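Heads up, the thing below is written out as structure tokens.
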Amino acid sequence: MSSRVETGRSTSTYREPAAELPDAAGRFGAYGGRYAPEALMAALTELAEAYRLARADPAFGIELETLLRERAGRPTRLHRVPGFERLLGVPGVRVYVKREDMAHTGAYKINNALGQGLLAARMGKTRVIAETGAGQHGVAVASVCAMLGLDCVVYMGAHDMARQEANVAHMRVLGAEVRRVDAGGRKVKAAVSEAVRDWVSSTGSSFLLFGTVTGPAPYPAMVRDFQTVIGRESRRQLLAATGRLPDRVVACVGGGSNALGLFHAFLDEPDVALIGVEAAGRGIESGQHAAAITAGIPGELDGTFSYLLQDADGQVSRTHSIAAGLDYPAVGPEHGYLRDRGRVRYHAVTDATALRGFQAFARGEGIVPALESAHAIGHLLESAERGELPADSLVLLGLSGRGDKDLGIVAVTLPEA
Ligand SMILES: *Cc1c(COP(=O)(O)O)cnc(C)c1O
């Protein structure tokens, strides 16, 4: 974790305390923990112990590295986007994009799916349970289960099944059973509840393969660890290309796993600004958004304590985002900690801005980004327009996934597209 590259302008020996978290109780300062039904406590302890042993076992690391290289296509590419730089219109600005959209199954989700899938096999589990929002996590898990010979059940909200049909078909083709969830908002929050309910009655045979950095300990730290490969590669690739560290690193934040995976390699570098971009939906003031950090207050959801969108009575709010993968009322606990310390800054951009980001990459670069990733792109457009992106900035932009799944949504929203 602390294999530091000593080239570039950084000679800092400063260590961000966040790099050492969580503590033994799974807490990141005031956030995190393990809020779970009694029936799951033994299973969570078993999982935490199995993960601790796997992490310490070089054979596990080698097996995972091999799969990431041979099956996921890592390292993913990092390259400049000159067409987008011209569009930003900021003198001397350079933007390097980390292409997680080019990973197997079309998003960075495969990193964590492979890590936890290997752990499930190592623990002797035969059945994997997952939740999914946009379907990218479900597709990654379905692919890994096919690869490793595990049964796979994916819970998905009915609303998300309708808007991400291609991914539903994709999961089924890969042999997963997709279970439709009609409860609540019929989105990822409801799917999480159903996946956890399934696990309560099947902990002996089943492994709950969580897709983001939330949930009870050990999930937030484990998912983060499996995603830090994104930042480690990016740091090495950017140093090789430019000889220096970035001025700012930008990634979209739903639950927050692709962002943490990218940010962690730069946490100890106080000169590198880290920026998380949430979904402002139809605007924060409309109340129809999913900006948990920007507009939420700390509370408990899905086994952890973190920033959460809730009303005055503590009822969890309904959310909206054009990006199904960002349409969740909470954010992982480590983000709460990083926000309060001021180490990561969070912004929210609307559906409309995300669509502008989508088009900018599609037409300017020939890259069709996921609508989730388009929020990070849109934030850069806005920053440039507001004069908040200094001349000669070196920007590292996380492109979390590809947008094939979103073509139907974009086609109706942008008739001229
Ligand atoms: C799942 C997903 C996200 C959001 O999840 P995080 O945990 O916040 O990273 C973003 N982009 C894509 C392409 C996704 O599939």
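Ordered as shown in the structure tokens, chains take letters A, B, and onward, while each chain numbers its residues from 1 and ligands are numbered from 1 in the order shown.
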Check: Which neighbours of region 390-406 of chain A fall inside 7 Å, counting only C-alpha atoms, when residues of the same chain fewer than 5 positions from it are skipped, and could you give them as number ranges by chain?
Finding: A: 90-101, 106-108, 164, 166-167, 246-251, 258, 368-371, 373
Counting only C-alpha atoms and all ligand atoms, which residues of chain A sit at most 7 Å from some atom of ligand 1, and what is each one's closest atom pair with its distance in Å to one decimal, listed by chain and rising residue number, as a tab-separated table?
residue	atom	partner	partner_atom_place_in_ligand_line	distance
A:Ala107	CA	ligand 1	13 (C)	5.2
A:Lys109	CA	ligand 1	15 (O)	6.2
A:Ala134	CA	ligand 1	15 (O)	6.3
A:Gln136	CA	ligand 1	15 (O)	4.6
A:His137	CA	ligand 1	15 (O)	6.2
A:Gly211	CA	ligand 1	7 (O)	6.9
A:Thr212	CA	ligand 1	7 (O)	4.3
A:Val213	CA	ligand 1	7 (O)	6.2
A:Cys252	CA	ligand 1	10 (C)	6.3
A:Val253	CA	ligand 1	8 (O)	4.0
A:Gly254	CA	ligand 1	8 (O)	3.3
A:Gly255	CA	ligand 1	8 (O)	4.0
A:Gly256	CA	ligand 1	8 (O)	3.3
A:Ser257	CA	ligand 1	7 (O)	3.6
A:Asn258	CA	ligand 1	9 (O)	3.7
A:Ala259	CA	ligand 1	9 (O)	5.9
A:Gly325	CA	ligand 1	1 (C)	4.6
A:Leu326	CA	ligand 1	4 (C)	5.3
A:Ala370	CA	ligand 1	13 (C)	5.3
A:Glu372	CA	ligand 1	11 (N)	4.6
A:Ser373	CA	ligand 1	11 (N)	5.4
A:Ser400	CA	ligand 1	13 (C)	4.5
A:Gly401	CA	ligand 1	13 (C)	3.6
A:Arg402	CA	ligand 1	13 (C)	6.3
Using only C-alpha atoms, which residues of region 191-261 of chain A come within 7 Å of region 294-318 of chain A, and what is the closest atom pair for each, with the distance in Å to one decimal? Give it as CSV, sorted by chain and residue number.
residue,atom,partner,partner_atom,distance
A:Thr214,CA,A:Thr304,CA,6.7
A:Gly215,CA,A:Gly303,CA,4.8
A:Pro216,CA,A:Gly303,CA,4.4
Keeping only C-alpha atoms, write the selected residues to a file as a PDB file, in the first residue's frame.
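Wrote result.pdb, looks like this:
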ATOM      1  CA  THR A 214     -20.489   1.069   1.981  1.00  0.00           C
ATOM      2  CA  GLY A 215     -22.179  -1.572   4.162  1.00  0.00           C
ATOM      3  CA  PRO A 216     -20.976  -3.010   7.476  1.00  0.00           C
TER       4      PRO A 216
END
Checklist line | Distance criterion (only C-alpha atoms): nearest to Leu208 (chain A) out of A:Tyr155, A:Tyr14, A:Phe226, A:Tyr337 | finding: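 Comparing A:Tyr155, A:Tyr14, A:Phe226, A:Tyr337 against Leu208 (chain A), the winner is A:Tyr155.
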Notebook entry, point to check: So which residues of region 219-321 of chain A fall under strand (DSSP E or B) by DSSP, listed as JSON, numbers by chain?
Noted result: {"A": [248, 249, 250, 251, 252, 273, 274, 275, 276, 277, 278, 279, 280, 281, 297, 298, 299, 300, 301, 304, 305, 306, 307, 308, 310, 316]}
Margin query: Taking only C-alpha atoms into account, name the residue in A:Gly83, A:Gly124, A:Pro218, A:Gly149 that is nearest to Ala24 (chain A).
Written below: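 Counting only C-alpha atoms, the residue closest to Ala24 (chain A) is A:Pro218.
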Item checked: Of the listed residues A:His79, A:Trp199, A:Gly29, A:Leu119, that which approaches Ala59 (chain A) most closely, counting only C-alpha atoms ->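 The closest residue to Ala59 (chain A) is A:Leu119.
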Next item on the list: Tell me which of A:Ala280, A:Ile409, A:Ala354, A:Leu87 sits closest to Glu385 (chain A), counting only C-alpha atoms.
Entry: A:Leu87
Notebook entry, point to check: So what do you get for CA of Arg55 (chain A) versus CA of Gly135 (chain A), distance-wise?
Noted result: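 We find that CA of Arg55 (chain A) and CA of Gly135 (chain A) lie 27.8 Å from each other.
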Check: Looking at A:Leu380, A:Ala323, A:Asp182, A:Val344, which one is nearest to Ala360 (chain A), with distances taken over only C-alpha atoms?
Finding: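 Under the stated criterion, the closest residue is A:Leu380.
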Margin query: I'd like the contact shell of Met123 (chain A) - 12 Å cut-off, only C-alpha atoms, skipping same-chain residues fewer than 6 positions apart - returned as JSON, numbers by chain.
Written below: {"A": [43, 46, 47, 48, 49, 50, 51, 53, 54, 116, 117, 203, 204, 205, 206, 207]}
Notebook entry, point to check: Pick the closest to Ala290 (chain A) from A:Lys189, A:Leu238, A:Val223, A:Ile62: which is it, counting only C-alpha atoms?
Noted result: A:Lys189
Next item on the list: Could you please write out, as a PyMOL selection string, every residue of region 59-183 of chain A that DSSP assigns to helix (DSSP H, G or I)?
Entry: chain A and resi 59-70+82-88+100-102+104-106+109-122+136-148+158-163+165-173
Check: To one decimal place, how far is CA of Arg343 (chain A) from CA of Glu388 (chain A) in Å?
Finding: 18.2 Å
